[in-house]
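*Asks:* Once you've had a glance at the structure underneath, I'll fire off some questions.
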Amino acid sequence: SYCVKDAWLPQQLLDKLNVIINQVEMARVTGVPISMLLSRGQQIKVLSMIHRKSLQLGYIIPTLDRSNSSEKYEGATVIEPKKGYYEEPIATLDFASLYPSIMIAHNICYSTLIPDSMEIDESRVEKSPTGNRFLKKSEREGVLPMILRELLAARKVAKKDMAKETDPLKKAVQNGRQLALKVSANSVYGFTGATIGQLPCLAISRTVTSYGRMMIEMTQQKVMERYSVKNGYEHDAMIVYGDTDSVMVKFGVKTVEEAMKLGKEAAEYVSGFFPDPVRLEFEKVYFPYLLMNKKRYAGLFWTKPEKWDKLDAKG
């Protein structure tokens with residue numbers, strides 16, 4: 001009976017935590033056998049998705065020599081934190097899946113990158129802030145953008161299922177699934193920048209982070225420009241902190257409700273300046289908020305104006 005119990009308990013755990021379902025889901029999305037999902041990292045998933053898509057499209061993938069390149073590229077922008085303790089609500093605006101959205105919006109891929117030496121009609125390409133040229137989507141969609149579109153669509157479905165779910169445990173499992181899809185989508189960008197990886201291409205990772213920096217800076221500028229006393233608002237908006245894909249705004253209002261209203265409005269307004277599918281979303285309000293340093297802050301986390309959800313602390 002002891003041996004039976006020993007086998008039955010793991011079986012129950014596997015069922016309760018939907019381990020098999022989640023692994024099967026991930027295997028289906030990435031085309032990687034479950035044994036490899038458990039024993040290997042993110043790169044194999046991305047490579048497998050690229051292989052599968054390339055087979056459909058008739059592309060051949062080069063095998064590159066493994067080189068330990070020490071070449072670096074500039075990462076994300078971190079807006080200098082205005083340190084302190086804030087007794088006013090701070091609205092947080094986040095980009096939804098920033099790097100994958102950038103790669104889809106600007107058609108950034110190995111298969112669309114035009115070498116510097118190649119002559120091409122400039123109207124067919126888009127030049128990135130780093131000076132790299134990529135074929136426009138209207139000419140031909142890249143392999144990576146196609147993969148990312150599918151991953152983000154699958155994640156949308158998982159989030160919908162999660163919203164409908166009433167059983168808290170199943171909800172947690174669905175959450176695990178959408179997070180796995182999110183990690184897979186975000187690791188596509190990391191895969192291109194891994195210099196000791198299978199298919200490093202710094203032109204891609206450099207371009208993606210440069211667009212990301214541009215978008216964070218533009219968000220800061222547009223919010224401060226619009227929400228100012230000279231435009232009829234009571235206070236000038238102030239950006240207290242900004243990281244890779246989020247900006248924290250102090251609108252100067254006193255209640256969580258007003259901060260939420262302005263946050264939603266600002267996210268809508270700023271999204272209008274970006275190409276599809278890049279979207280800025282209003283997620284939460286911190287009130288009160290303690291900002292110690294880059295990547296170190298704490299505050300009560302509000303998603304609805306009646307009551308705070310939790311105490312959130314980072315770093």
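Chain labels run A, B, ... following the order of the structure tokens; each chain numbers its residues from 1, and ligands are numbered from 1 in the order shown.
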Quick one: DSSP strand (DSSP E or B) residues in region 9-228 of chain A, as a PyMOL selection string?

*Replies:* chain A and resi 79+84-86+90-95+113-114+125-127+133-135

*Asks:* Produce a file of the selected residues containing C-alpha atoms, as a CSV table (one decimal), in the first residue's frame.

*Replies:*
chain,number,residue,atom,x,y,z
A,79,ILE,CA,14.3,56.8,-16.9
A,84,GLY,CA,11.0,59.6,-2.6
A,85,TYR,CA,7.8,58.7,-0.9
A,86,TYR,CA,4.7,59.7,-2.8
A,90,ILE,CA,1.0,57.0,-9.3
A,91,ALA,CA,-0.4,55.6,-12.5
A,92,THR,CA,1.5,52.9,-14.3
A,93,LEU,CA,1.4,52.7,-18.1
A,94,ASP,CA,2.8,49.4,-19.6
A,95,PHE,CA,3.5,48.3,-23.2
A,113,LEU,CA,17.2,42.2,-43.0
A,114,ILE,CA,18.8,43.9,-46.0
A,125,VAL,CA,12.5,49.1,-46.9
A,126,GLU,CA,12.1,50.7,-43.5
A,127,LYS,CA,15.3,52.1,-41.9
A,133,ARG,CA,17.2,48.2,-43.1
A,134,PHE,CA,14.3,45.8,-43.1
A,135,LEU,CA,11.9,44.9,-45.8

*Asks:* Just checking: using only C-alpha atoms, which residue out of A:Leu47, A:Lys82, A:Lys159, A:Pro277 ends up closest to Lys171 (chain A)?

*Replies:* A:Lys159

*Asks:* Assign secondary structure with DSSP using the backbone only, and return the residues of region 117-304 of chain A in alpha helix (DSSP H) as an MDAnalysis selection string.

*Replies:* chainID A and resid 143:164 168:193 202:226 256:271

*Asks:* Could you tell me how far CA of Lys314 (chain A) sits from CA of Ala153 (chain A), in Å to one decimal place?

*Replies:* 29.3 Å

*Asks:* From the set A:Ser210, A:Lys261, A:Thr195, A:Ile239, which residue has the shortest atom-to-atom contact distance to Leu64 (chain A), counting only C-alpha atoms?

*Replies:*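 Distance minimum relative to Leu64 (chain A) lands on A:Thr195.
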
*Asks:* In Å, rounded to a single decimal, give me how far CA of Leu311 (chain A) is from CA of Tyr286 (chain A).

*Replies:* 9.2 Å

*Asks:* Neighbouring residues of Gln178 (chain A) were defined as those with any atom within 8 Å, considering only C-alpha atoms; residues of the same chain fewer than 6 positions away were excluded. Please report them as a PyMOL selection string.

*Replies:* chain A and resi 155-156+158-159

*Asks:* Of the residues A:Pro305, A:Ser205, A:Gln220, A:Lys250, which is the one nearest to Phe191 (chain A), using only C-alpha atoms?

*Replies:*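 Looking at the shortest contact to Phe191 (chain A), the residue is A:Ser205.
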
*Asks:* Could you give me, as a list in words, the residues within 12 Å of Gly190 (chain A), counting only C-alpha atoms and dropping anything in the same chain fewer than 6 positions from it?

*Replies:* Gln42, Gln43, Val46, Leu47, Gly75, Tyr99, Pro100, Val183, Ser184, Ile196, Gly197, Gln198, Leu199, Pro200, Cys201, Leu202, Ile204, Ser205, Arg206, Val208 and Thr209 of chain A

*Asks:* Can you spit out the residues from that selection as a compact mmCIF listing (two decimals), in the first residue's frame, using all heavy atoms?

*Replies:*
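Written out: selection.txt:
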# COMPACT_ATOMS: atom_id res chain seq x y z
N GLN A 42 15.31 28.00 -23.18
CA GLN A 42 14.40 28.71 -24.09
C GLN A 42 14.82 28.60 -25.56
O GLN A 42 13.99 28.57 -26.44
CB GLN A 42 14.33 30.21 -23.73
CG GLN A 42 13.61 30.52 -22.44
CD GLN A 42 12.14 30.13 -22.48
OE1 GLN A 42 11.54 30.03 -23.54
NE2 GLN A 42 11.57 29.88 -21.34
N GLN A 43 16.15 28.54 -25.80
CA GLN A 43 16.63 28.65 -27.19
C GLN A 43 16.08 27.54 -28.09
O GLN A 43 15.72 27.80 -29.23
CB GLN A 43 18.16 28.63 -27.23
CG GLN A 43 18.76 29.95 -26.78
CD GLN A 43 20.12 30.18 -27.39
OE1 GLN A 43 20.43 29.72 -28.49
NE2 GLN A 43 20.97 30.90 -26.70
N VAL A 46 12.64 28.40 -29.46
CA VAL A 46 12.62 29.41 -30.52
C VAL A 46 13.15 28.80 -31.82
O VAL A 46 12.55 28.96 -32.88
CB VAL A 46 13.47 30.65 -30.12
CG1 VAL A 46 13.42 31.70 -31.23
CG2 VAL A 46 12.94 31.25 -28.82
N LEU A 47 14.25 28.07 -31.71
CA LEU A 47 14.85 27.46 -32.91
C LEU A 47 13.85 26.50 -33.56
O LEU A 47 13.69 26.49 -34.78
CB LEU A 47 16.13 26.72 -32.53
CG LEU A 47 16.99 26.29 -33.72
CD1 LEU A 47 17.53 27.51 -34.47
CD2 LEU A 47 18.14 25.42 -33.28
N GLY A 75 21.05 48.32 -24.35
CA GLY A 75 19.80 47.70 -23.89
C GLY A 75 18.66 48.71 -23.78
O GLY A 75 18.62 49.69 -24.50
N TYR A 99 8.62 44.04 -26.93
CA TYR A 99 9.57 43.62 -27.96
C TYR A 99 8.91 42.79 -29.06
O TYR A 99 9.15 43.03 -30.25
CB TYR A 99 10.77 42.90 -27.33
CG TYR A 99 11.71 43.86 -26.59
CD1 TYR A 99 12.73 43.39 -25.77
CD2 TYR A 99 11.57 45.24 -26.72
CE1 TYR A 99 13.60 44.27 -25.10
CE2 TYR A 99 12.42 46.12 -26.05
CZ TYR A 99 13.43 45.63 -25.25
OH TYR A 99 14.28 46.50 -24.59
N PRO A 100 8.05 41.80 -28.71
CA PRO A 100 7.37 41.09 -29.80
C PRO A 100 6.54 42.03 -30.68
O PRO A 100 6.56 41.91 -31.91
CB PRO A 100 6.46 40.10 -29.05
CG PRO A 100 7.14 39.89 -27.74
CD PRO A 100 7.77 41.19 -27.40
N VAL A 183 6.49 34.07 -22.09
CA VAL A 183 7.94 33.83 -22.01
C VAL A 183 8.47 33.41 -23.38
O VAL A 183 9.51 33.89 -23.83
CB VAL A 183 8.26 32.76 -20.93
CG1 VAL A 183 9.71 32.31 -21.03
CG2 VAL A 183 7.99 33.32 -19.54
N SER A 184 7.72 32.53 -24.07
CA SER A 184 8.17 32.09 -25.40
C SER A 184 8.23 33.25 -26.38
O SER A 184 9.17 33.37 -27.17
CB SER A 184 7.23 31.03 -25.96
OG SER A 184 7.34 29.86 -25.19
N ILE A 196 26.26 33.58 -27.94
CA ILE A 196 26.76 32.20 -27.92
C ILE A 196 25.61 31.27 -28.32
O ILE A 196 25.60 30.10 -28.02
CB ILE A 196 27.32 31.84 -26.53
CG1 ILE A 196 28.22 32.96 -26.03
CG2 ILE A 196 28.10 30.54 -26.56
CD1 ILE A 196 28.69 32.83 -24.61
N GLY A 197 24.60 31.81 -29.01
CA GLY A 197 23.42 31.03 -29.35
C GLY A 197 23.54 30.33 -30.70
O GLY A 197 24.62 30.23 -31.28
N GLN A 198 22.40 29.86 -31.19
CA GLN A 198 22.37 29.11 -32.44
C GLN A 198 22.36 30.05 -33.65
O GLN A 198 22.95 29.76 -34.66
CB GLN A 198 21.09 28.26 -32.50
CG GLN A 198 20.86 27.41 -31.29
CD GLN A 198 21.46 26.02 -31.45
OE1 GLN A 198 21.86 25.65 -32.54
NE2 GLN A 198 21.53 25.28 -30.37
N LEU A 199 21.61 31.15 -33.55
CA LEU A 199 21.48 32.07 -34.70
C LEU A 199 21.57 33.52 -34.23
O LEU A 199 20.60 34.26 -34.34
CB LEU A 199 20.12 31.87 -35.36
CG LEU A 199 19.93 30.78 -36.41
CD1 LEU A 199 18.48 30.80 -36.89
CD2 LEU A 199 20.85 31.00 -37.61
N PRO A 200 22.72 33.93 -33.70
CA PRO A 200 22.79 35.31 -33.21
C PRO A 200 22.70 36.31 -34.37
O PRO A 200 23.22 36.04 -35.46
CB PRO A 200 24.14 35.40 -32.52
CG PRO A 200 24.94 34.27 -33.07
CD PRO A 200 23.98 33.21 -33.50
N CYS A 201 22.00 37.41 -34.15
CA CYS A 201 21.94 38.46 -35.16
C CYS A 201 21.75 39.78 -34.42
O CYS A 201 20.63 40.17 -34.10
CB CYS A 201 20.78 38.21 -36.12
SG CYS A 201 20.62 39.51 -37.35
N LEU A 202 22.88 40.42 -34.12
CA LEU A 202 22.80 41.63 -33.29
C LEU A 202 22.08 42.77 -33.98
O LEU A 202 21.56 43.66 -33.33
CB LEU A 202 24.20 42.06 -32.83
CG LEU A 202 24.86 41.11 -31.82
CD1 LEU A 202 26.14 41.70 -31.28
CD2 LEU A 202 23.94 40.78 -30.66
N ILE A 204 19.30 42.59 -35.33
CA ILE A 204 17.89 42.49 -34.91
C ILE A 204 17.74 42.99 -33.48
O ILE A 204 16.92 43.87 -33.20
CB ILE A 204 17.39 41.03 -35.02
CG1 ILE A 204 17.33 40.61 -36.49
CG2 ILE A 204 16.03 40.87 -34.36
CD1 ILE A 204 16.89 39.17 -36.71
N SER A 205 18.53 42.44 -32.54
CA SER A 205 18.35 42.82 -31.14
C SER A 205 18.65 44.31 -30.91
O SER A 205 17.97 44.98 -30.14
CB SER A 205 19.19 41.95 -30.21
OG SER A 205 20.39 41.58 -30.82
N ARG A 206 19.65 44.80 -31.63
CA ARG A 206 20.00 46.23 -31.52
C ARG A 206 18.84 47.10 -32.00
O ARG A 206 18.49 48.10 -31.38
CB ARG A 206 21.22 46.47 -32.41
CG ARG A 206 22.08 47.61 -31.96
CD ARG A 206 23.27 47.79 -32.87
NE ARG A 206 24.40 46.97 -32.48
CZ ARG A 206 25.09 46.19 -33.33
NH1 ARG A 206 24.73 46.10 -34.59
NH2 ARG A 206 26.11 45.50 -32.91
N VAL A 208 15.61 46.27 -32.19
CA VAL A 208 14.44 46.15 -31.30
C VAL A 208 14.59 47.04 -30.08
O VAL A 208 13.69 47.80 -29.72
CB VAL A 208 14.22 44.67 -30.89
CG1 VAL A 208 13.10 44.56 -29.86
CG2 VAL A 208 13.87 43.82 -32.11
N THR A 209 15.78 47.00 -29.43
CA THR A 209 15.94 47.83 -28.22
C THR A 209 15.94 49.32 -28.58
O THR A 209 15.46 50.14 -27.81
CB THR A 209 17.24 47.50 -27.44
OG1 THR A 209 18.34 47.54 -28.34
CG2 THR A 209 17.16 46.13 -26.80

*Asks:* Using only C-alpha atoms, which residues sit within 10 Å of His51 (chain A) once same-chain residues fewer than 5 positions away are excluded, as a PDB file with C-alpha atoms, in the first residue's frame?

*Replies:*
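Result file selection_7.pdb:
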ATOM      1  CA  GLY A  31       7.063  21.877 -31.577  1.00  0.00           C
ATOM      2  CA  LYS A  45      11.903  26.357 -28.373  1.00  0.00           C
ATOM      3  CA  VAL A  46      12.623  29.408 -30.518  1.00  0.00           C
ATOM      4  CA  GLN A  56       6.300  25.750 -44.452  1.00  0.00           C
ATOM      5  CA  LEU A  57       7.701  28.790 -46.252  1.00  0.00           C
ATOM      6  CA  TYR A  59      13.422  28.829 -46.273  1.00  0.00           C
ATOM      7  CA  ILE A  60      16.757  27.227 -45.434  1.00  0.00           C
ATOM      8  CA  ILE A  61      18.326  28.066 -42.069  1.00  0.00           C
ATOM      9  CA  VAL A 143       9.328  34.523 -40.250  1.00  0.00           C
TER      10      VAL A 143
END

*Asks:* May I have the residues within 8 Å of Val256 (chain A) as a list in words, using only C-alpha atoms and disregarding those fewer than 4 positions away in the same chain?

*Replies:*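 In the requested form, the answer reads Pro89, Met260, Val285, Phe287, Trp302 and Pro305 of chain A.
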
*Asks:* Find the residue from A:Leu14, A:Thr303, A:Tyr189, A:Thr130 that sits nearest to Glu257 (chain A); use only C-alpha atoms when measuring.

*Replies:*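 Closest candidate: A:Thr303.
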
*Asks:* Using only C-alpha atoms, which of A:Glu283, A:Asn231, A:Val157, A:Thr255 sits nearest Glu306 (chain A)?

*Replies:*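 Checking each candidate against Glu306 (chain A), we get A:Thr255 as the closest.
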
*Asks:* To one decimal place in Å, what is the distance between CA of Leu13 (chain A) and CA of Leu181 (chain A)?

*Replies:*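 Pair CA of Leu13 (chain A) / CA of Leu181 (chain A) returns 22.4 Å.
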
*Asks:* Using only C-alpha atoms, which of A:Lys310, A:Pro115, A:Leu280, A:Ile50 sits nearest Thr192 (chain A)?

*Replies:*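 Between A:Lys310, A:Pro115, A:Leu280, A:Ile50, the residue approaching Thr192 (chain A) most closely is A:Ile50.
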
*Asks:* Neighbouring residues of Ala185 (chain A) were defined as those with any atom within 6 Å, considering only C-alpha atoms; residues of the same chain fewer than 3 positions away were excluded. Please report them as a ChimeraX atom specification.

*Replies:* /A:148,182,188
